[in-house]
file run-v5.cif (mmCIF, C-alpha atoms)
data_coords
#
loop_
_atom_site.label_atom_id
_atom_site.label_comp_id
_atom_site.auth_asym_id
_atom_site.auth_seq_id
_atom_site.Cartn_x
_atom_site.Cartn_y
_atom_site.Cartn_z
CA MET A 1 118.00 -3.35 42.98
CA SER A 2 118.76 -7.01 43.55
CA THR A 3 122.13 -8.51 42.69
CA VAL A 4 120.50 -10.55 39.92
CA GLU A 5 118.98 -7.44 38.41
CA ARG A 6 122.25 -5.53 38.65
CA LEU A 7 124.25 -8.32 36.99
CA LEU A 8 121.68 -8.70 34.20
CA LYS A 9 121.85 -4.97 33.49
CA GLN A 10 125.65 -5.10 33.47
CA PHE A 11 125.62 -8.06 31.09
CA ILE A 12 123.17 -6.42 28.68
CA ALA A 13 125.13 -3.16 28.74
CA ALA A 14 128.38 -4.98 27.98
CA ASP A 15 126.71 -6.95 25.20
CA ARG A 16 125.46 -3.80 23.53
CA ASN A 17 128.79 -2.09 23.77
CA GLY A 18 129.72 -3.39 20.35
CA GLY A 19 132.99 -5.01 21.36
CA ASP A 20 133.68 -8.60 22.26
CA ALA A 21 130.62 -10.52 23.35
CA PRO A 22 130.69 -10.79 27.16
CA ASP A 23 130.86 -14.27 28.64
CA PRO A 24 127.73 -15.03 30.70
CA ALA A 25 129.74 -17.34 32.94
CA ALA A 26 131.65 -14.38 34.35
CA TYR A 27 128.37 -12.94 35.64
CA VAL A 28 126.63 -16.16 36.60
CA LYS A 29 129.56 -17.41 38.65
CA GLN A 30 129.13 -14.51 41.05
CA LEU A 31 125.94 -16.12 42.32
CA THR A 32 124.79 -19.42 43.79
CA GLY A 33 121.58 -21.38 44.12
CA ALA A 34 118.30 -19.83 43.03
CA ASP A 35 119.98 -16.49 42.30
CA ARG A 36 122.31 -18.19 39.84
CA GLU A 37 119.47 -20.04 38.15
CA GLU A 38 117.44 -16.86 37.91
CA LEU A 39 120.29 -15.02 36.23
CA ILE A 40 120.88 -17.93 33.82
CA VAL A 41 117.23 -17.91 32.84
CA LEU A 42 117.19 -14.15 32.33
CA ILE A 43 120.44 -14.04 30.32
CA ASP A 44 119.20 -16.96 28.21
CA ALA A 45 115.92 -15.17 27.55
CA TYR A 46 117.79 -11.98 26.66
CA LEU A 47 120.11 -13.80 24.23
CA ALA A 48 117.13 -15.58 22.65
CA ARG A 49 115.72 -12.17 21.73
CA ALA A 50 118.97 -10.40 20.96
CA PRO A 51 119.37 -9.14 17.40
CA ARG A 52 122.06 -10.37 15.05
CA ARG A 53 125.49 -9.09 15.92
CA ALA A 54 126.94 -6.62 13.44
CA PHE A 55 129.26 -8.26 10.95
CA ASP A 56 132.95 -7.95 11.77
CA ARG A 57 135.22 -9.62 9.24
CA ASP A 58 138.14 -10.12 11.63
CA ALA A 59 135.94 -11.54 14.36
CA PHE A 60 134.20 -13.70 11.77
CA ALA A 61 137.50 -15.15 10.56
CA ALA A 62 138.54 -15.93 14.13
CA SER A 63 135.27 -17.59 15.11
CA GLY A 64 133.73 -20.95 14.43
CA ALA A 65 131.20 -19.13 12.28
CA SER A 66 133.69 -18.94 9.43
CA ALA A 67 134.24 -22.70 9.13
CA LEU A 68 130.53 -23.33 9.54
CA THR A 69 129.73 -20.88 6.75
CA ASP A 70 132.12 -22.73 4.44
CA ASP A 71 130.48 -26.04 5.36
CA LEU A 72 126.99 -24.64 4.85
CA GLN A 73 127.91 -23.12 1.51
CA GLN A 74 129.08 -26.56 0.43
CA ALA A 75 125.95 -28.16 1.86
CA LEU A 76 123.59 -25.87 -0.03
CA ASP A 77 124.76 -27.36 -3.30
CA SER A 78 125.42 -30.89 -2.15
CA ASP A 79 123.59 -34.12 -2.89
CA ALA A 80 124.28 -34.94 0.74
CA GLY A 81 122.41 -31.99 2.23
CA THR A 82 123.96 -30.71 5.43
CA TRP A 83 126.06 -33.79 6.11
CA PRO A 84 129.30 -31.87 5.39
CA ALA A 85 128.38 -29.47 8.19
CA LEU A 86 126.79 -31.94 10.56
CA LEU A 87 128.74 -35.20 10.45
CA PRO A 88 132.19 -33.86 11.42
CA ARG A 89 130.63 -31.98 14.35
CA LEU A 90 128.71 -35.01 15.57
CA ARG A 91 131.88 -37.10 15.34
CA HIS A 92 133.87 -34.48 17.20
CA ARG A 93 131.26 -34.29 19.95
CA ALA A 94 131.41 -38.06 20.25
CA ARG A 95 135.19 -37.63 20.68
CA LEU A 96 136.05 -39.99 17.89
CA THR A 97 138.65 -39.71 15.19
CA ARG A 98 137.44 -40.61 11.76
CA ALA A 99 139.43 -43.86 11.97
CA GLN A 100 137.82 -44.77 15.28
CA LEU A 101 134.36 -44.02 13.98
CA VAL A 102 134.94 -46.04 10.82
CA SER A 103 136.20 -48.97 12.84
CA ARG A 104 133.06 -48.93 14.97
CA LEU A 105 130.82 -48.43 11.98
CA ALA A 106 132.37 -51.32 10.07
CA ALA A 107 131.95 -53.54 13.12
CA ALA A 108 128.36 -52.44 13.65
CA LEU A 109 127.56 -53.17 10.03
CA GLY A 110 129.11 -56.62 10.32
CA VAL A 111 131.85 -55.91 7.78
CA PRO A 112 134.97 -55.41 9.93
CA ALA A 113 137.18 -56.83 7.22
CA GLN A 114 136.04 -54.05 4.86
CA GLU A 115 137.01 -51.14 7.07
CA HIS A 116 138.96 -49.46 4.26
CA THR A 117 135.88 -49.43 2.01
CA VAL A 118 133.69 -48.16 4.83
CA HIS A 119 136.30 -45.45 5.39
CA ARG A 120 136.05 -44.27 1.80
CA TYR A 121 132.29 -44.14 1.95
CA TYR A 122 132.20 -42.38 5.30
CA HIS A 123 134.79 -39.87 4.11
CA ALA A 124 132.56 -39.17 1.10
CA MET A 125 129.62 -38.67 3.43
CA GLU A 126 131.52 -36.04 5.42
CA GLN A 127 132.67 -34.38 2.21
CA GLY A 128 129.18 -34.30 0.76
CA THR A 129 130.20 -36.29 -2.29
CA LEU A 130 128.15 -39.41 -1.58
CA PRO A 131 124.49 -39.01 -2.58
CA ALA A 132 122.56 -39.40 0.64
CA ASP A 133 119.57 -41.02 -0.97
CA GLY A 134 121.60 -44.14 -1.65
CA VAL A 135 122.70 -44.71 1.93
CA THR A 136 120.61 -47.39 3.60
CA ASP A 137 118.78 -47.02 6.88
CA ARG A 138 121.02 -49.70 8.33
CA VAL A 139 124.07 -47.48 7.88
CA LEU A 140 122.31 -44.45 9.31
CA GLU A 141 121.02 -46.39 12.32
CA ALA A 142 124.50 -47.70 13.07
CA LEU A 143 126.08 -44.29 12.56
CA ALA A 144 123.44 -42.56 14.68
CA ALA A 145 124.06 -44.94 17.56
CA ILE A 146 127.79 -44.21 17.40
CA VAL A 147 127.58 -40.41 17.32
CA GLY A 148 124.55 -40.04 19.56
CA THR A 149 121.73 -38.95 17.32
CA THR A 150 118.88 -40.60 15.45
CA ALA A 151 118.74 -42.15 12.00
CA ASP A 152 115.83 -39.85 11.17
CA THR A 153 117.94 -36.81 11.99
CA LEU A 154 120.72 -38.04 9.75
CA ARG A 155 118.31 -38.94 6.95
CA ARG A 156 116.70 -35.54 7.03
CA ALA A 157 120.02 -33.73 7.23
CA GLY A 158 121.20 -35.64 4.17
CA GLU A 159 118.32 -34.56 1.99
CA ARG A 160 119.27 -32.14 -0.73
CA ILE A 161 118.25 -28.62 0.17
CA THR A 162 115.64 -27.46 -2.27
CA PRO A 163 113.41 -24.45 -1.73
CA PRO A 164 109.70 -25.10 -1.47
CA PRO A 165 107.68 -24.63 -4.66
CA ALA A 166 107.06 -20.97 -5.33
CA PRO A 167 103.34 -20.44 -5.97
CA GLY A 168 102.73 -18.54 -9.15
CA GLY A 169 106.44 -18.33 -9.84
CA HIS A 170 106.99 -15.83 -7.07
CA ALA A 171 109.63 -15.74 -4.41
CA ALA A 172 110.53 -19.10 -2.95
CA PHE A 173 111.11 -17.38 0.39
CA ALA A 174 108.16 -15.04 0.27
CA ARG A 175 106.52 -16.58 3.31
CA HIS A 176 109.62 -15.79 5.36
CA ALA A 177 110.45 -12.41 3.96
CA ARG A 178 108.91 -9.09 4.71
CA PRO A 179 107.90 -7.32 1.50
CA ASP A 180 110.86 -5.44 0.13
CA PRO A 181 110.59 -3.56 -3.14
CA ALA A 182 114.23 -4.29 -3.82
CA TYR A 183 113.48 -8.01 -4.07
CA PRO A 184 110.12 -8.43 -5.81
CA SER A 185 110.77 -11.93 -7.04
CA PHE A 186 113.36 -14.64 -6.98
CA ALA A 187 113.85 -17.23 -9.64
CA ALA A 188 113.80 -20.88 -8.68
CA PRO A 189 117.22 -22.41 -8.16
CA PRO A 190 118.71 -24.59 -10.83
CA ALA A 191 117.04 -27.97 -11.19
CA MET A 192 118.57 -30.77 -9.18
CA SER A 193 121.20 -32.43 -11.30
CA SER A 194 121.36 -36.14 -11.66
CA PRO A 195 124.02 -37.35 -9.23
CA GLY A 196 125.31 -39.95 -11.67
CA PHE A 197 127.08 -41.62 -8.85
CA HIS A 198 128.52 -45.10 -9.10
CA ALA A 199 129.91 -47.18 -6.30
CA SER A 200 133.03 -47.75 -8.35
CA ASP A 201 133.77 -44.03 -8.09
CA LEU A 202 134.81 -44.65 -4.53
CA ARG A 203 136.93 -47.65 -5.39
CA ALA A 204 140.03 -45.64 -6.13
CA THR A 205 142.06 -48.65 -5.16
CA PRO A 206 141.15 -52.20 -5.96
CA THR A 207 139.56 -54.29 -3.28
CA PRO A 208 142.39 -56.13 -1.60
CA ALA A 209 142.73 -59.80 -2.16
CA GLY A 210 141.18 -62.01 0.46
CA THR A 211 139.05 -64.99 0.98
CA PRO A 212 135.92 -65.31 -1.16
CA ASP A 213 133.88 -64.28 1.87
CA GLU A 214 135.94 -61.11 2.35
CA ARG A 215 135.64 -60.18 -1.32
CA SER A 216 131.91 -60.67 -1.22
CA THR A 217 131.56 -58.27 1.71
CA ALA A 218 133.04 -55.45 -0.39
CA GLY A 219 129.93 -55.74 -2.52
CA ASP A 220 127.87 -55.75 0.63
CA VAL A 221 129.44 -52.46 1.65
CA ASP A 222 128.61 -50.96 -1.73
CA ALA A 223 125.01 -52.06 -1.26
CA LEU A 224 124.89 -50.57 2.23
CA PHE A 225 126.10 -47.15 1.09
CA THR A 226 124.53 -46.93 -2.36
CA GLY A 227 121.84 -49.58 -2.44
CA ARG A 228 118.90 -47.63 -1.10
CA ARG A 229 118.52 -45.53 -4.21
CA ARG A 230 118.61 -48.59 -6.46
CA SER A 231 116.25 -50.70 -4.41
CA GLY A 232 114.05 -47.84 -3.27
CA ARG A 233 114.17 -49.00 0.31
CA GLY A 234 116.50 -48.96 3.27
CA MET B 235 114.91 -3.79 -8.63
CA ALA B 236 113.87 -6.92 -10.53
CA SER B 237 117.35 -8.44 -10.49
CA PRO B 238 119.03 -7.83 -7.14
CA GLU B 239 122.72 -7.17 -7.40
CA PRO B 240 125.34 -8.31 -4.89
CA LEU B 241 125.33 -6.09 -1.83
CA PRO B 242 128.22 -5.08 0.44
CA GLU B 243 128.44 -6.44 3.98
CA HIS B 244 127.34 -3.23 5.67
CA VAL B 245 124.13 -3.22 3.64
CA LEU B 246 123.53 -6.92 4.30
CA ASP B 247 123.96 -6.16 7.99
CA GLY B 248 120.93 -3.91 7.82
CA LEU B 249 118.61 -6.55 6.35
CA THR B 250 116.30 -8.60 8.52
CA ASP B 251 117.02 -12.33 8.78
CA GLU B 252 114.19 -13.03 6.34
CA GLU B 253 115.44 -10.47 3.84
CA LEU B 254 118.96 -11.83 4.17
CA ILE B 255 117.80 -15.41 3.58
CA ALA B 256 115.87 -14.31 0.52
CA TYR B 257 118.94 -12.44 -0.73
CA ILE B 258 121.16 -15.51 -0.30
CA ALA B 259 118.61 -17.63 -2.17
CA ALA B 260 118.48 -15.07 -4.94
CA MET B 261 122.26 -14.99 -5.26
CA ARG B 262 122.36 -18.79 -5.36
CA SER B 263 119.71 -18.92 -8.03
CA ARG B 264 121.76 -16.47 -10.10
CA GLY B 265 124.85 -18.63 -9.68
CA ASN B 266 126.68 -15.98 -7.66
CA ALA B 267 128.28 -18.25 -5.06
CA GLU B 268 130.55 -15.53 -3.70
CA ALA B 269 127.71 -13.15 -2.95
CA ALA B 270 125.67 -15.98 -1.47
CA ALA B 271 128.60 -16.94 0.76
CA THR B 272 128.99 -13.36 1.95
CA GLY B 273 125.32 -13.21 2.88
CA LEU B 274 125.52 -16.57 4.57
CA GLY B 275 128.54 -15.37 6.56
CA VAL B 276 126.62 -12.31 7.77
CA LEU B 277 123.70 -14.51 8.83
CA VAL B 278 125.81 -17.15 10.58
CA PHE B 279 128.16 -14.69 12.28
CA GLY B 280 125.25 -12.57 13.45
CA HIS B 281 123.71 -15.43 15.38
CA TRP B 282 126.81 -17.44 16.26
CA GLU B 283 127.79 -15.71 19.50
CA ASN B 284 124.24 -15.50 20.83
CA VAL B 285 123.60 -19.19 20.20
CA ARG B 286 127.06 -20.19 21.45
CA ARG B 287 126.56 -18.34 24.71
CA ARG B 288 123.09 -19.82 25.23
CA VAL B 289 124.53 -23.28 24.71
CA ALA B 290 127.46 -22.52 27.02
CA LEU B 291 125.06 -21.73 29.84
CA ARG B 292 123.91 -25.36 29.85
CA VAL B 293 126.49 -27.52 28.13
CA PRO B 294 130.11 -28.42 28.97
CA PRO B 295 132.72 -26.24 27.26
CA VAL B 296 134.10 -29.02 25.07
CA GLU B 297 130.68 -29.56 23.50
CA VAL B 298 129.72 -25.94 22.93
CA GLU B 299 131.25 -25.12 19.53
CA ASP B 300 130.07 -28.32 17.85
CA LEU B 301 126.57 -28.10 19.27
CA THR B 302 126.36 -24.46 18.22
CA GLY B 303 127.34 -25.49 14.71
CA GLU B 304 124.73 -28.25 14.66
CA ILE B 305 122.01 -25.86 15.81
CA ILE B 306 122.76 -23.18 13.24
CA THR B 307 123.13 -25.80 10.52
CA SER B 308 119.68 -27.13 11.32
CA ALA B 309 118.12 -23.66 11.41
CA VAL B 310 119.72 -22.57 8.13
CA ARG B 311 118.66 -25.79 6.47
CA SER B 312 115.06 -25.27 7.56
CA ALA B 313 115.13 -21.69 6.34
CA PHE B 314 116.28 -22.75 2.89
CA ASP B 315 114.04 -25.76 2.40
CA GLY B 316 110.96 -23.97 3.69
CA THR B 317 110.34 -26.16 6.74
CA SER B 318 111.02 -23.52 9.40
CA GLU B 319 108.08 -22.06 11.24
CA GLY B 320 107.70 -18.32 11.64
CA GLU B 321 110.58 -15.90 12.03
CA PHE B 322 114.09 -17.29 11.71
CA ILE B 323 115.16 -16.09 15.16
CA VAL B 324 112.16 -17.75 16.81
CA TRP B 325 112.77 -21.00 14.95
CA LEU B 326 116.45 -20.82 15.89
CA GLY B 327 115.45 -20.47 19.54
CA THR B 328 113.23 -23.53 19.26
CA ILE B 329 116.11 -25.57 17.87
CA VAL B 330 118.44 -24.35 20.64
CA LYS B 331 116.05 -25.70 23.26
CA ARG B 332 115.50 -28.98 21.43
CA ARG B 333 119.17 -29.65 20.90
CA ILE B 334 120.10 -28.84 24.49
CA ALA B 335 117.35 -31.22 25.64
CA ASP B 336 118.77 -33.83 23.23
CA PHE B 337 122.17 -33.25 24.79
CA TYR B 338 120.85 -34.10 28.24
CA ARG B 339 119.02 -37.17 26.90
CA LEU B 340 122.24 -38.39 25.33
CA ARG B 341 124.20 -37.67 28.46
CA GLU B 342 121.74 -39.71 30.53
CA ARG B 343 122.19 -42.61 28.13
CA ARG B 344 125.95 -42.26 28.37
CA LEU B 345 125.78 -42.20 32.13
CA ASP B 346 123.94 -45.51 31.95
CA THR B 347 126.88 -47.08 30.17
CA ALA B 348 129.95 -45.18 31.37
CA SER B 349 131.41 -44.40 34.74
CA LEU B 350 130.73 -40.99 36.22
CA ASP B 351 134.45 -40.47 36.66
CA SER B 352 135.20 -40.85 32.98
CA ILE B 353 132.38 -38.51 31.99
CA ALA B 354 133.57 -35.85 34.42
CA GLU B 355 137.12 -35.84 33.10
CA GLY B 356 138.46 -32.96 31.08
CA GLY B 357 136.15 -30.14 32.09
CA ARG B 358 133.07 -31.75 30.68
CA GLU B 359 130.60 -30.14 33.04
CA PRO B 360 128.98 -26.83 32.13
CA ALA B 361 130.86 -23.80 33.43
CA THR B 362 127.73 -22.47 35.02
CA ASP B 363 125.96 -25.43 36.52
CA GLY B 364 127.20 -28.93 37.05
CA GLU B 365 124.05 -30.34 38.56
CA ILE B 366 121.32 -29.80 36.02
CA ASP B 367 119.82 -32.80 34.23
CA LEU B 368 117.28 -33.22 31.46
CA GLY B 369 114.35 -32.91 33.83
CA GLY B 370 115.85 -29.83 35.41
CA TYR B 371 116.52 -28.19 32.07
CA LEU B 372 113.00 -28.85 30.81
CA GLU B 373 111.52 -27.57 34.07
CA VAL B 374 113.48 -24.34 33.89
CA GLN B 375 112.50 -23.84 30.26
CA ALA B 376 108.88 -24.49 31.18
CA VAL B 377 109.05 -21.88 33.93
CA ILE B 378 110.04 -19.04 31.62
CA VAL B 379 107.68 -20.17 28.85
CA ASP B 380 104.80 -20.47 31.31
CA LEU B 381 105.54 -17.14 32.91
CA LEU B 382 105.70 -15.23 29.65
CA GLY B 383 102.89 -17.22 28.07
CA SER B 384 100.53 -16.53 30.93
CA ARG B 385 100.93 -12.78 30.50
CA SER B 386 98.79 -10.68 28.20
CA ASP B 387 100.44 -9.43 25.03
CA ALA B 388 100.68 -5.98 26.61
CA HIS B 389 102.34 -7.20 29.80
CA ARG B 390 104.68 -9.52 27.88
CA ARG B 391 105.80 -6.59 25.76
CA VAL B 392 106.43 -4.51 28.87
CA ILE B 393 108.61 -7.31 30.27
CA GLU B 394 110.53 -7.59 27.01
CA ILE B 395 111.18 -3.87 26.91
CA MET B 396 112.08 -3.35 30.56
CA VAL B 397 113.80 -6.66 31.39
CA PHE B 398 115.27 -8.05 28.19
CA ASP B 399 115.90 -4.74 26.44
CA ASP B 400 116.85 -3.15 29.79
CA LEU B 401 115.03 0.06 28.96
CA PRO B 402 113.18 2.37 31.36
CA ALA B 403 109.39 2.46 31.61
CA SER B 404 108.93 5.32 29.15
CA PRO B 405 109.32 3.26 25.92
CA ALA B 406 106.89 0.70 27.32
CA VAL B 407 104.42 3.43 28.18
CA ALA B 408 104.80 4.89 24.70
CA GLU B 409 104.34 1.55 22.94
CA VAL B 410 101.64 -0.17 24.97
CA ASP B 411 98.21 1.44 24.94
CA GLY B 412 96.92 2.42 28.37
CA MET B 413 100.15 1.54 30.18
CA THR B 414 101.41 3.88 32.86
CA ALA B 415 104.90 3.93 34.29
CA ALA B 416 103.60 2.75 37.65
CA ASN B 417 101.79 -0.16 36.02
CA ALA B 418 104.82 -1.07 33.97
CA TYR B 419 107.04 -1.26 37.05
CA GLN B 420 104.39 -3.36 38.76
CA VAL B 421 104.24 -5.77 35.82
CA VAL B 422 108.00 -6.22 35.91
CA THR B 423 108.14 -6.57 39.69
CA ARG B 424 105.47 -9.27 39.64
CA PHE B 425 107.26 -11.08 36.82
CA ARG B 426 110.55 -11.10 38.71
CA ALA B 427 108.93 -12.17 41.96
CA GLU B 428 107.06 -15.03 40.32
CA LEU B 429 110.14 -16.17 38.41
CA ARG B 430 112.12 -16.21 41.62
CA ARG B 431 109.36 -18.05 43.49
CA ARG B 432 109.01 -20.70 40.77
CA LEU B 433 112.75 -21.30 40.60
CA ALA B 434 112.99 -21.53 44.38
CA GLU B 435 110.13 -24.05 44.43
CA ARG B 436 111.92 -26.07 41.81
CA ASP B 437 115.12 -26.05 43.87
CA ALA B 438 113.20 -27.10 46.98
CA ASP B 439 111.58 -29.97 45.10
CA ALA B 440 114.94 -31.07 43.72
CA ASP B 441 116.64 -30.96 47.12
CA PRO B 442 114.10 -31.65 49.87
CA ALA B 443 116.87 -31.87 52.49
#

call {"tool": "encode", "arguments": {"input": "run-v5.cif", "output": "structure tokens"}}
result
Amino acid sequence: MSTVERLLKQFIAADRNGGDAPDPAAYVKQLTGADREELIVLIDAYLARAPRRAFDRDAFAASGASALTDDLQQALDSDAGTWPALLPRLRHRARLTRAQLVSRLAAALGVPAQEHTVHRYYHAMEQGTLPADGVTDRVLEALAAIVGTTADTLRRAGERITPPPAPGGHAAFARHARPDPAYPSFAAPPAMSSPGFHASDLRATPTPAGTPDERSTAGDVDALFTGRRRSGRG
Amino acid sequence: MASPEPLPEHVLDGLTDEELIAYIAAMRSRGNAEAAATGLGVLVFGHWENVRRRVALRVPPVEVEDLTGEIITSAVRSAFDGTSEGEFIVWLGTIVKRRIADFYRLRERRLDTASLDSIAEGGREPATDGEIDLGGYLEVQAVIVDLLGSRSDAHRRVIEIMVFDDLPASPAVAEVDGMTAANAYQVVTRFRAELRRRLAERDADADPA
């Protein structure tokens, strides 16, 4: 038995033991060159086929899965789709604080004097409280360039999550699910509520005094973050 | 049961991904956010470690948790809006590969604009391989896809059972019509040899010296 084969068997055995998930790096680091690459490929292929791990409430609470579940739960009912789950992680990967990101975003949008307003809007995006359909393509393109993704990815992530139409009133997830007599049909989710969002909702504090040009850019910021829905274009 | 009731975690654990997703949708549609959250937790936790470890094989440690979160977010979203293709675990695997490739694309762009020294600071190289690039990652992915894809369904199943499930030949013989133990071992031996040869060729191409 080759060393690669032996290490793969050891890794799989440890993974199925039911305890802590073994770290592939501990196995892979024992090899170099083509042997290392072979083991990486084989462990990756094994993990791609591995079944779900059994639920463990303590391990869940201690893992990143817990925070992600909270974010996803929020996202499922949000007018901003999965932005609450996605945007903070993209920002973190870009190694930016929210203040740093907002500063760059305001500059990229050409409204550096309105950083505080941009901050409120961006905060609402991360919280899932700003309807995504109002945010213009210009904002998403600038944001995507800052955090290293594409505007299309952000646009799609921001779409409200609605199940596909259920033909004949049957299960919305029937095409994914194996037949199970316990779940013969699922009602459609509640209809999408009207967001009823107004730009002024985010103006908790008055726009600071400034030159006429600075005051006018506050309106520009509103248009950038809420104007798409009104105008029907980005 | 026309109106599914909330289920305990140990029962949810026994559902397939597709059944679990349908259950979460049903609980949401009934306004039972707590039950939906429990189901979502079982789904996310169940895949978290497997995805995280796949990402960690290719991505620097500081990026792993966030990228894992992005991948699962994308997969869950697709499952709930009906845009995923096929089984959830297969779709999840597709997203893992896409997002890791995106990571390398982004890193190449960053390398165009930042110094290598600043990128390398703070343990930002993968724990397992500091040399791989986008081309290398895609090549390696292509190797395993090609190798498995070029096998017949029967031989691919034998490889899954004996290599990735780490089982002896007997389950493969029992499951695959006409397969003998000797044939099964031969299938696996050829697979391993070809994988090794293809990876060695790739290394030679990457480093002709």

call {"tool": "resolve_selection", "arguments": {"input": "run-v5.cif", "expression": "the PyMOL selection byres ((chain B and resi 307-313) around 8)", "output": "NGL selection string"}}
result
(:A and (68 or 72 or 82 or 85-86 or 157 or 161)) or (:B and (255 or 303-306 or 314-318 or 322 or 325-326 or 329))

call {"tool": "residues_around", "arguments": {"input": "run-v5.cif", "residues": "Ala65 in chain A", "least_positions_apart": "3", "cutoff": "8 Å", "atoms": "only C-alpha atoms", "output": "MDAnalysis selection string"}}
result
(chainID A and resid 60:61 68:69) or (chainID B and resid 275 278:279 282 303)

call {"tool": "residues_around", "arguments": {"input": "run-v5.cif", "residues": "Asp23 in chain A", "least_positions_apart": "6", "cutoff": "10 Å", "atoms": "all atoms listed in the file", "output": "list in words"}}
result
Phe11, Ala14 and Asp15 of chain A; Glu283, Arg287, Ala290 and Leu291 of chain B

call {"tool": "atom_distance", "arguments": {"input": "run-v5.cif", "atom1": "CA of Gln10 in chain A", "atom2": "CA of Leu381 in chain B"}}
result
23.4 Å

call {"tool": "axis_aligned_box", "arguments": {"input": "run-v5.cif", "around": "range 387-402 of chain B", "padding_each_side": "4 Å", "output": "JSON"}}
result
{"center_x": 108.6, "center_y": -3.6, "center_z": 28.2, "size_x": 24.4, "size_y": 19.9, "size_z": 14.4}

call {"tool": "resolve_selection", "arguments": {"input": "run-v5.cif", "expression": "the PyMOL selection byres ((chain A and resi 78) around 10)", "output": "PDB file with C-alpha atoms, keeping the file's coordinate frame"}}
result
ATOM      1  CA  LEU A  72     126.990 -24.640   4.850  1.00  0.00           C
ATOM      2  CA  GLN A  73     127.910 -23.120   1.510  1.00  0.00           C
ATOM      3  CA  GLN A  74     129.080 -26.560   0.430  1.00  0.00           C
ATOM      4  CA  ALA A  75     125.950 -28.160   1.860  1.00  0.00           C
ATOM      5  CA  LEU A  76     123.590 -25.870  -0.030  1.00  0.00           C
ATOM      6  CA  ASP A  77     124.760 -27.360  -3.300  1.00  0.00           C
ATOM      7  CA  ASP A  79     123.590 -34.120  -2.890  1.00  0.00           C
ATOM      8  CA  ALA A  80     124.280 -34.940   0.740  1.00  0.00           C
ATOM      9  CA  GLY A  81     122.410 -31.990   2.230  1.00  0.00           C
ATOM     10  CA  THR A  82     123.960 -30.710   5.430  1.00  0.00           C
ATOM     11  CA  TRP A  83     126.060 -33.790   6.110  1.00  0.00           C
ATOM     12  CA  PRO A  84     129.300 -31.870   5.390  1.00  0.00           C
ATOM     13  CA  GLN A 127     132.670 -34.380   2.210  1.00  0.00           C
ATOM     14  CA  GLY A 128     129.180 -34.300   0.760  1.00  0.00           C
ATOM     15  CA  THR A 129     130.200 -36.290  -2.290  1.00  0.00           C
ATOM     16  CA  LEU A 130     128.150 -39.410  -1.580  1.00  0.00           C
ATOM     17  CA  PRO A 131     124.490 -39.010  -2.580  1.00  0.00           C
ATOM     18  CA  ALA A 132     122.560 -39.400   0.640  1.00  0.00           C
ATOM     19  CA  GLY A 158     121.200 -35.640   4.170  1.00  0.00           C
ATOM     20  CA  GLU A 159     118.320 -34.560   1.990  1.00  0.00           C
ATOM     21  CA  ARG A 160     119.270 -32.140  -0.730  1.00  0.00           C
ATOM     22  CA  ILE A 161     118.250 -28.620   0.170  1.00  0.00           C
ATOM     23  CA  MET A 192     118.570 -30.770  -9.180  1.00  0.00           C
ATOM     24  CA  PRO A 195     124.020 -37.350  -9.230  1.00  0.00           C
TER      25      PRO A 195
END

call {"tool": "residues_around", "arguments": {"input": "run-v5.cif", "residues": "range 27-36 of chain A", "least_positions_apart": "4", "cutoff": "8 Å", "atoms": "all atoms listed in the file", "output": "PDB file with C-alpha atoms, in the frame of the given file"}}
result
ATOM      1  CA  VAL A   4     120.500 -10.550  39.920  1.00  0.00           C
ATOM      2  CA  LEU A   7     124.250  -8.320  36.990  1.00  0.00           C
ATOM      3  CA  PHE A  11     125.620  -8.060  31.090  1.00  0.00           C
ATOM      4  CA  ASP A  23     130.860 -14.270  28.640  1.00  0.00           C
ATOM      5  CA  ILE A  40     120.880 -17.930  33.820  1.00  0.00           C
TER       6      ILE A  40
ATOM      7  CA  THR B 362     127.730 -22.470  35.020  1.00  0.00           C
ATOM      8  CA  ARG B 430     112.120 -16.210  41.620  1.00  0.00           C
ATOM      9  CA  LEU B 433     112.750 -21.300  40.600  1.00  0.00           C
ATOM     10  CA  ALA B 434     112.990 -21.530  44.380  1.00  0.00           C
ATOM     11  CA  ASP B 437     115.120 -26.050  43.870  1.00  0.00           C
TER      12      ASP B 437
END

call {"tool": "resolve_selection", "arguments": {"input": "run-v5.cif", "expression": "the PyMOL selection byres ((chain A and resi 51) around 9)", "output": "short mmCIF file (atom, residue, chain, number, x, y, z; two decimals) with C-alpha atoms, keeping the file's coordinate frame"}}
result
data_model
loop_
_atom_site.label_atom_id
_atom_site.label_comp_id
_atom_site.auth_asym_id
_atom_site.auth_seq_id
_atom_site.Cartn_x
_atom_site.Cartn_y
_atom_site.Cartn_z
CA LEU A 47 120.11 -13.80 24.23
CA ALA A 48 117.13 -15.58 22.65
CA ARG A 49 115.72 -12.17 21.73
CA ALA A 50 118.97 -10.40 20.96
CA ARG A 52 122.06 -10.37 15.05
CA ARG A 53 125.49 -9.09 15.92
CA ALA A 54 126.94 -6.62 13.44
CA GLY B 280 125.25 -12.57 13.45
CA HIS B 281 123.71 -15.43 15.38
CA ASN B 284 124.24 -15.50 20.83
CA ILE B 323 115.16 -16.09 15.16
#

call {"tool": "closest_residue", "arguments": {"input": "run-v5.cif", "among": "A:Thr149, A:Ser66, A:Thr117, A:Thr136", "to": "Ala94 in chain A", "atoms": "all atoms listed in the file"}}
result
A:Thr149

call {"tool": "atom_distance", "arguments": {"input": "run-v5.cif", "atom1": "CA of Ala223 in chain A", "atom2": "CA of Arg91 in chain A"}}
result
23.4 Å
